[in-house]
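Before any comments, here is the structure.
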Amino acid sequence: MTDWLDFDRQHLWHPYANIADPLPVYPVIHAEGVYLTLANGKKLIDGMSSWWAAIHGYNHPVLNAAINEQLQSMAHVMFGGLTHKPAVELAQLLLSIVPKGLSKIFFADSGSVAVEIALKQAIQYWLALGKPDKNRFATVRSGYHGDTLGAMSVCDPVNGMHHLFHPVLMPNYFAPAPHCHPNQGLHVTDITALDRLLDQNHSHIAALILEPLVQGAGGMRFYCVDYLEQARVLCDEYEVLLICDEIATGFGRTGQLFACDYVPHFTPDILCLGKALTGGYLSLAATLCTDEVAETIASGNPPVFMHGPTFMANPLACAVAKASVHVLLDSPWQQQVKAIESQLKTELKPCQTLSQVKDVRVFGAIGVVELYQSVDMAAMQNCFVKQGVWVRPFNNLVYLMPPYIITAAQLSQLTQAIFTCLKEHA
Ligand SMILES: *Cc1c(COP(=O)(O)O)cnc(C)c1O
């Protein structure tokens with residue numbers, strides 16, 4: 001085993017890693033339900049759902065069967081000039097559950113690419129309307145939309161790598177991150193700041209891009225429903241498209257199927273989905289838009305939307321995504337997320353008593369412990385593994401977003417491990 005681990009150490013990049021001096025990585029040989037099994041036989045309860053994706057847990061019989069069945073007919077064919085049932089059936093299913101008004105789907109292979117597609121659709125939309133100057137984007141601080149260049153340009157300018165890539169990033173427009181909490185009323189100053197930004201710059205802005213209600217990797221922040229609702233109003237007022245990035249929040253994580261569903265009768269012009277779309281099995285993402293956006297792009301010159309990934313609408317990924325959405329809809333996911341939420345609220349509260357803890361917050365099946373300072377990643381990770389759990393903090397954020405199928409006892413083990421490891425590494 002040390003052989004292949006040595007090879008990994010010497011030759012493989014891991015996410016956001018120093019290739020010359022990498023932090024330890026833990027070899028996994030099996031994953032089942034909420035458990036990851038390490039090569040030494042140790043089983044860990046997964047608190048991360050493999051970055052929001054594995055909502056049903058691992059090695060799910062229905063998802064396995066969907067892939068196996070699709071594999072018998074075809075693993076992949078190009079989507080240029082060809083089509084197939086897995087793509088069509090997944091699209092039918094998604095259109096029946098997303099906010100009303102979204103009617104056209106572009107399948108891509110990762111979340112970042114789905115965001116690039118959304119940005120490009122917004123640019124082509126305004127080009128078609130004879131407004132080529134509307135080619136920049138507005139967003140709020142503390143956001144995260146992916147790691148490709150276009151996506152990075154709408155990530156938080158401070159923690160989003162802008163200092164490194166600044167010369168090649170689109171110069172976009174940033175409003176302050178909203179300060180209200182999900183169940184609270186609007187902070188008027190938040191919305192007036194967005195109003196001012198759009199008022200002054202709307203002639204250059206193609207779209208406002210937001211993660212609805214939950215800002216994920218940009219800071220694990222939650223904000224209120226009213227802000228999202230008001231953002232829609234302002235976008236209409238200033239003729240700016242609204243892109244909702246539900247790559248992290250989609251498929252039940254916040255307690256609604258989509259975070260947008262918290263606002264009655266709310267539809268973004270463009271919606272990005274990814275992560276949990278396939279239940280964590282394969283990389284697939286989707287960018288959906290309204291008839292209005294699609295038809296306007298089609299009225300332009302060229303009338304085609306200029307994007308076409310090699311692995312667009314991969315049949316295996318579409319088949320498992322369809323199965324995953326059905327498993328979700330057939331499950332008591334709403335009760336599961338509610339139960340996780342209330343348990344996280346109760347059991348993470350004691351962390352508030354620790355001196356290094358700045359804030360504890362919970363929304364849907366997402367629990368966050370924010371510290372004053374960044375954690376010692378290697379030490380914390382080692383502590384979590386000793387406690388029999390898989391929790392991967394980033395910077396000063398220790399957080400949980402477990403698979404929905406987790407039991408109360410398993411979740412307690414996760415929350416207790418966070419308290420224990422924070423106490424040990426105060
Ligand atoms: C993870 C994420 C992305 C990027 O998705 P990848 O599949 O990692 O490219 C974009 N937006 C949000 C909100 C995300 O959480």
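Letters A, B, ... go to the chains of the structure tokens in the order shown; residues in each chain start at 1; ligands are counted from 1 in the same order.
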Site check for ligand 1: residues at most 9 Å away, only C-alpha atoms and all ligand atoms, as a PyMOL selection string | chain A and resi 51-52+109-115+143-148+151+210-212+214-218+244-249+272-275+283-285
Would you kindly return, as an MDAnalysis selection string, each protein, DNA or RNA residue with an atom no farther than 12 Å from any atom of Ser103 in chain A, considering only C-alpha atoms and excluding same-chain residues fewer than 4 positions away?
-> chainID A and resid 91:99 267:271 287:295
Find the residues near range 364-378 of chain A: any atom within 9 Å, counting only C-alpha atoms, skip ones fewer than 6 places away on the same chain, and give them as a ChimeraX atom specification.
-> /A:23-24,220-221,252-256,336-342,344-345,348,351-352,355-358,392-404,418,422,425
Just the selected residues (N, CA and C atoms), exported as a compact mmCIF listing (two decimals), in the first residue's frame, please.
# COMPACT_ATOMS: atom_id res chain seq x y z
N LEU A 23 -0.11 17.86 2.15
CA LEU A 23 -0.63 17.36 3.43
C LEU A 23 -1.01 15.89 3.23
N PRO A 24 -1.08 15.13 4.31
CA PRO A 24 -1.44 13.71 4.19
C PRO A 24 -2.82 13.54 3.55
N MET A 220 -19.50 29.92 3.60
CA MET A 220 -20.57 29.20 4.32
C MET A 220 -21.46 30.18 5.08
N ARG A 221 -22.05 31.13 4.32
CA ARG A 221 -22.94 32.13 4.92
C ARG A 221 -24.37 31.88 4.45
N GLY A 252 -32.63 19.67 -2.34
CA GLY A 252 -33.12 19.47 -0.98
C GLY A 252 -32.27 19.96 0.17
N ARG A 253 -31.04 20.32 -0.08
CA ARG A 253 -30.10 20.61 1.01
C ARG A 253 -30.60 21.66 2.00
N THR A 254 -31.34 22.66 1.49
CA THR A 254 -31.77 23.75 2.38
C THR A 254 -33.13 23.50 3.01
N GLY A 255 -33.77 22.38 2.66
CA GLY A 255 -35.11 22.11 3.21
C GLY A 255 -36.21 22.31 2.18
N GLN A 256 -35.90 22.99 1.08
CA GLN A 256 -36.77 23.01 -0.09
C GLN A 256 -36.01 22.30 -1.19
N GLN A 336 -36.18 14.28 6.64
CA GLN A 336 -34.78 13.98 6.96
C GLN A 336 -33.98 15.27 7.14
N VAL A 337 -34.15 16.20 6.20
CA VAL A 337 -33.40 17.46 6.28
C VAL A 337 -33.82 18.24 7.52
N LYS A 338 -35.11 18.27 7.81
CA LYS A 338 -35.62 18.97 9.01
C LYS A 338 -35.03 18.36 10.29
N ALA A 339 -34.99 17.02 10.31
CA ALA A 339 -34.46 16.35 11.50
C ALA A 339 -32.97 16.64 11.65
N ILE A 340 -32.24 16.62 10.55
CA ILE A 340 -30.80 16.94 10.59
C ILE A 340 -30.62 18.37 11.08
N GLU A 341 -31.44 19.27 10.55
CA GLU A 341 -31.34 20.69 10.94
C GLU A 341 -31.54 20.87 12.44
N SER A 342 -32.59 20.26 12.98
CA SER A 342 -32.85 20.51 14.41
C SER A 342 -31.80 19.84 15.28
N LEU A 344 -28.62 19.34 14.38
CA LEU A 344 -27.40 20.16 14.26
C LEU A 344 -27.50 21.39 15.16
N LYS A 345 -28.70 22.00 15.20
CA LYS A 345 -28.88 23.20 16.03
C LYS A 345 -28.61 22.88 17.50
N LEU A 348 -24.61 21.31 17.88
CA LEU A 348 -23.44 22.16 17.60
C LEU A 348 -23.37 23.35 18.55
N CYS A 351 -20.48 24.12 20.94
CA CYS A 351 -19.23 24.64 20.37
C CYS A 351 -19.09 26.13 20.64
N GLN A 352 -20.23 26.81 20.77
CA GLN A 352 -20.24 28.25 21.03
C GLN A 352 -19.45 28.60 22.30
N SER A 355 -13.44 28.92 23.14
CA SER A 355 -12.91 30.28 22.97
C SER A 355 -12.57 30.62 21.52
N GLN A 356 -12.21 29.64 20.72
CA GLN A 356 -11.82 29.97 19.34
C GLN A 356 -13.00 30.05 18.38
N VAL A 357 -14.22 29.80 18.92
CA VAL A 357 -15.40 29.77 18.04
C VAL A 357 -16.05 31.16 17.96
N LYS A 358 -16.23 31.63 16.73
CA LYS A 358 -16.82 32.95 16.49
C LYS A 358 -18.33 32.86 16.32
N ARG A 392 -13.95 17.74 6.68
CA ARG A 392 -12.83 18.47 6.09
C ARG A 392 -13.09 19.97 6.15
N PRO A 393 -12.46 20.61 7.14
CA PRO A 393 -12.63 22.07 7.26
C PRO A 393 -11.94 22.80 6.11
N PHE A 394 -12.33 24.05 5.88
CA PHE A 394 -11.46 24.90 5.07
C PHE A 394 -11.28 26.24 5.77
N ASN A 395 -10.04 26.67 5.76
CA ASN A 395 -9.65 27.89 6.46
C ASN A 395 -10.19 27.88 7.89
N ASN A 396 -11.09 28.83 8.22
CA ASN A 396 -11.60 28.93 9.58
C ASN A 396 -13.00 28.34 9.72
N LEU A 397 -13.37 27.50 8.77
CA LEU A 397 -14.74 26.95 8.77
C LEU A 397 -14.72 25.44 8.93
N VAL A 398 -15.41 24.98 9.98
CA VAL A 398 -15.61 23.54 10.18
C VAL A 398 -17.10 23.32 9.97
N TYR A 399 -17.45 22.46 9.03
CA TYR A 399 -18.87 22.39 8.69
C TYR A 399 -19.28 20.96 8.37
N LEU A 400 -20.60 20.73 8.44
CA LEU A 400 -21.18 19.42 8.14
C LEU A 400 -22.28 19.58 7.10
N MET A 401 -22.29 18.72 6.12
CA MET A 401 -23.46 18.59 5.23
C MET A 401 -23.58 17.11 4.88
N PRO A 402 -24.11 16.34 5.85
CA PRO A 402 -24.12 14.88 5.75
C PRO A 402 -25.13 14.38 4.72
N PRO A 403 -24.97 13.12 4.29
CA PRO A 403 -26.00 12.50 3.46
C PRO A 403 -27.34 12.53 4.21
N TYR A 404 -28.44 12.67 3.47
CA TYR A 404 -29.76 12.80 4.12
C TYR A 404 -30.15 11.53 4.87
N ILE A 418 -16.64 17.09 16.30
CA ILE A 418 -16.28 18.49 16.08
C ILE A 418 -15.96 19.16 17.41
N LEU A 422 -12.17 20.38 18.26
CA LEU A 422 -11.95 21.81 18.47
C LEU A 422 -11.36 22.04 19.85
N HIS A 425 -7.73 21.04 19.93
CA HIS A 425 -6.84 21.91 19.14
C HIS A 425 -7.18 23.38 19.35
Enumerate the residues of range 174-244 of chain A with a DSSP assignment of strand (DSSP E or B), computed from the backbone, and present them as a PyMOL selection string.
-> chain A and resi 174-175+205-210+214-215+221-222+241-244
Near Phe266 in chain A, counting only C-alpha atoms, which residues have an atom at most 12 Å away, once you skip same-chain residues fewer than 3 positions from it, shown as a ChimeraX atom specification?
-> /A:98-102,212,225-226,228-233,242,244,258-263,269-271
From the list A:Tyr58, A:Arg196, A:Val34, A:Pro171, which residue is nearest Ala409 in chain A when using only C-alpha atoms?
->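 Using only C-alpha atoms, the shortest distance to Ala409 in chain A belongs to A:Val34.
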For the interface of range 99-157 of chain A with range 74-80 of chain A (cut-off 12 Å, counting only C-alpha atoms), please tabulate each contacting residue of range 99-157 of chain A alongside its nearest pair of atoms and their separation in Å to one decimal, rows sorted by chain and increasing number, as JSON lines.
{"residue": "A:Phe106", "atom": "CA", "partner": "A:Phe79", "partner_atom": "CA", "distance": 10.9}
{"residue": "A:Phe107", "atom": "CA", "partner": "A:Phe79", "partner_atom": "CA", "distance": 9.8}
{"residue": "A:Ala108", "atom": "CA", "partner": "A:Phe79", "partner_atom": "CA", "distance": 10.9}
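Here CA of Leu38 in chain A and CA of Lys386 in chain A stand 11.8 Å from one another.
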In range 43-82 of chain A, DSSP helix (DSSP H, G or I) residues written as a PDB file with C-alpha atoms, in the first residue's frame:
ATOM      1  CA  SER A  49     -21.330  13.988   1.291  1.00  0.00           C
ATOM      2  CA  SER A  50     -18.244  14.281  -0.908  1.00  0.00           C
ATOM      3  CA  TRP A  51     -18.720  18.030  -1.282  1.00  0.00           C
ATOM      4  CA  TRP A  52     -22.544  18.236  -1.206  1.00  0.00           C
ATOM      5  CA  PRO A  61     -28.415  -0.223  -4.971  1.00  0.00           C
ATOM      6  CA  VAL A  62     -30.844   1.808  -7.111  1.00  0.00           C
ATOM      7  CA  LEU A  63     -28.130   4.118  -8.446  1.00  0.00           C
ATOM      8  CA  ASN A  64     -25.788   1.189  -9.073  1.00  0.00           C
ATOM      9  CA  ALA A  65     -28.534  -0.575 -11.007  1.00  0.00           C
ATOM     10  CA  ALA A  66     -29.257   2.534 -13.117  1.00  0.00           C
ATOM     11  CA  ILE A  67     -25.633   2.744 -14.227  1.00  0.00           C
ATOM     12  CA  ASN A  68     -25.369  -0.990 -14.852  1.00  0.00           C
ATOM     13  CA  GLU A  69     -28.514  -0.971 -16.937  1.00  0.00           C
ATOM     14  CA  GLN A  70     -27.430   2.028 -19.014  1.00  0.00           C
ATOM     15  CA  LEU A  71     -24.006   0.443 -19.501  1.00  0.00           C
ATOM     16  CA  GLN A  72     -25.652  -2.470 -21.338  1.00  0.00           C
ATOM     17  CA  SER A  73     -26.795  -0.152 -24.141  1.00  0.00           C
TER      18      SER A  73
END
Write out as a ChimeraX atom specification each polymer residue whose atoms come within 7 Å of Ile123 in chain A, counting only C-alpha atoms; drop sequence neighbours fewer than 4 positions from it.
-> /A:119,127,135,206
Tyr173 in chain A: which residues within 7 Å, counting only C-alpha atoms, same-chain residues fewer than 3 positions away excluded, as a list in words?
-> Phe137, Ala138 and Thr139 of chain A
May I have the residues within 12 Å of Thr2 in chain A as a CSV table (one decimal) with all heavy atoms, in the first residue's frame, using only C-alpha atoms and disregarding those fewer than 3 positions away in the same chain?
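That gives us selection_24.csv:
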chain,number,residue,atom,x,y,z
A,5,LEU,N,0.6,4.9,-2.3
A,5,LEU,CA,0.5,6.2,-1.6
A,5,LEU,C,1.7,7.1,-1.9
A,5,LEU,O,1.6,8.3,-2.0
A,5,LEU,CB,0.4,5.9,-0.1
A,5,LEU,CG,-1.0,5.7,0.4
A,5,LEU,CD1,-1.1,5.5,1.9
A,5,LEU,CD2,-2.0,6.8,0.0
A,6,ASP,N,2.9,6.4,-2.0
A,6,ASP,CA,4.1,7.2,-2.3
A,6,ASP,C,4.0,7.8,-3.7
A,6,ASP,O,4.3,8.9,-3.9
A,6,ASP,CB,5.4,6.3,-2.3
A,6,ASP,CG,6.0,6.2,-0.9
A,6,ASP,OD1,5.5,7.0,-0.1
A,6,ASP,OD2,6.8,5.3,-0.7
A,7,PHE,N,3.4,7.0,-4.6
A,7,PHE,CA,3.2,7.5,-6.0
A,7,PHE,C,2.3,8.7,-6.0
A,7,PHE,O,2.5,9.7,-6.6
A,7,PHE,CB,2.7,6.4,-6.9
A,7,PHE,CG,2.7,6.8,-8.3
A,7,PHE,CD1,3.8,6.5,-9.2
A,7,PHE,CD2,1.6,7.5,-8.9
A,7,PHE,CE1,3.8,6.9,-10.5
A,7,PHE,CE2,1.6,7.9,-10.2
A,7,PHE,CZ,2.7,7.6,-11.0
A,8,ASP,N,1.2,8.6,-5.2
A,8,ASP,CA,0.2,9.6,-5.1
A,8,ASP,C,0.9,10.9,-4.6
A,8,ASP,O,0.8,12.0,-5.2
A,8,ASP,CB,-0.9,9.2,-4.1
A,8,ASP,CG,-1.9,10.3,-3.9
A,8,ASP,OD1,-1.6,11.4,-3.3
A,8,ASP,OD2,-3.1,10.1,-4.3
A,9,ARG,N,1.7,10.7,-3.6
A,9,ARG,CA,2.4,11.9,-3.0
A,9,ARG,C,3.4,12.6,-4.0
A,9,ARG,O,3.5,13.8,-4.0
A,9,ARG,CB,3.3,11.3,-1.8
A,9,ARG,CG,3.4,12.3,-0.7
A,9,ARG,CD,4.2,11.8,0.5
A,9,ARG,NE,4.9,12.9,1.1
A,9,ARG,CZ,4.2,13.8,1.9
A,9,ARG,NH1,2.9,13.7,2.1
A,9,ARG,NH2,4.8,14.8,2.4
A,26,TYR,N,-5.8,10.4,2.9
A,26,TYR,CA,-6.2,9.1,3.5
A,26,TYR,C,-6.8,8.2,2.4
A,26,TYR,O,-7.7,8.5,1.7
A,26,TYR,CB,-7.3,9.3,4.6
A,26,TYR,CG,-6.8,10.1,5.7
A,26,TYR,CD1,-6.7,11.5,5.7
A,26,TYR,CD2,-6.2,9.5,6.9
A,26,TYR,CE1,-6.2,12.2,6.8
A,26,TYR,CE2,-5.7,10.2,7.9
A,26,TYR,CZ,-5.7,11.6,7.9
A,26,TYR,OH,-5.2,12.3,8.9
A,27,PRO,N,-6.2,7.0,2.3
A,27,PRO,CA,-6.6,6.1,1.2
A,27,PRO,C,-8.0,5.4,1.6
A,27,PRO,O,-8.1,4.8,2.6
A,27,PRO,CB,-5.5,5.0,1.1
A,27,PRO,CG,-4.9,5.1,2.5
A,27,PRO,CD,-5.0,6.4,3.0
A,39,ALA,N,-8.1,2.2,4.0
A,39,ALA,CA,-7.3,1.0,3.6
A,39,ALA,C,-6.9,0.2,4.9
A,39,ALA,O,-6.7,-1.0,4.8
A,39,ALA,CB,-6.0,1.4,2.8
A,40,ASN,N,-6.8,0.9,6.0
A,40,ASN,CA,-6.4,0.1,7.2
A,40,ASN,C,-7.6,-0.5,7.9
A,40,ASN,O,-7.5,-1.0,9.0
A,40,ASN,CB,-5.7,1.0,8.2
A,40,ASN,CG,-6.6,2.2,8.7
A,40,ASN,OD1,-7.8,2.2,8.4
A,40,ASN,ND2,-6.0,3.1,9.4
Give me, please, the distance in Å between CA of Gly388 in chain A and CA of Lys42 in chain A, quoted to one decimal.
->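 CA of Lys42 in chain A lies at a distance of 7.5 Å from CA of Gly388 in chain A.
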What is the distance, in Å and to one decimal place, between CA of Asp359 in chain A and CA of Gly57 in chain A?
->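 Taking CA of Asp359 in chain A as the start and CA of Gly57 in chain A as the end point, the length is 28.3 Å.
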Nearest to Trp333 in chain A, chosen from A:Phe311, A:Phe174, A:Phe419, A:Phe251, with only C-alpha atoms counted in the distances = A:Phe251
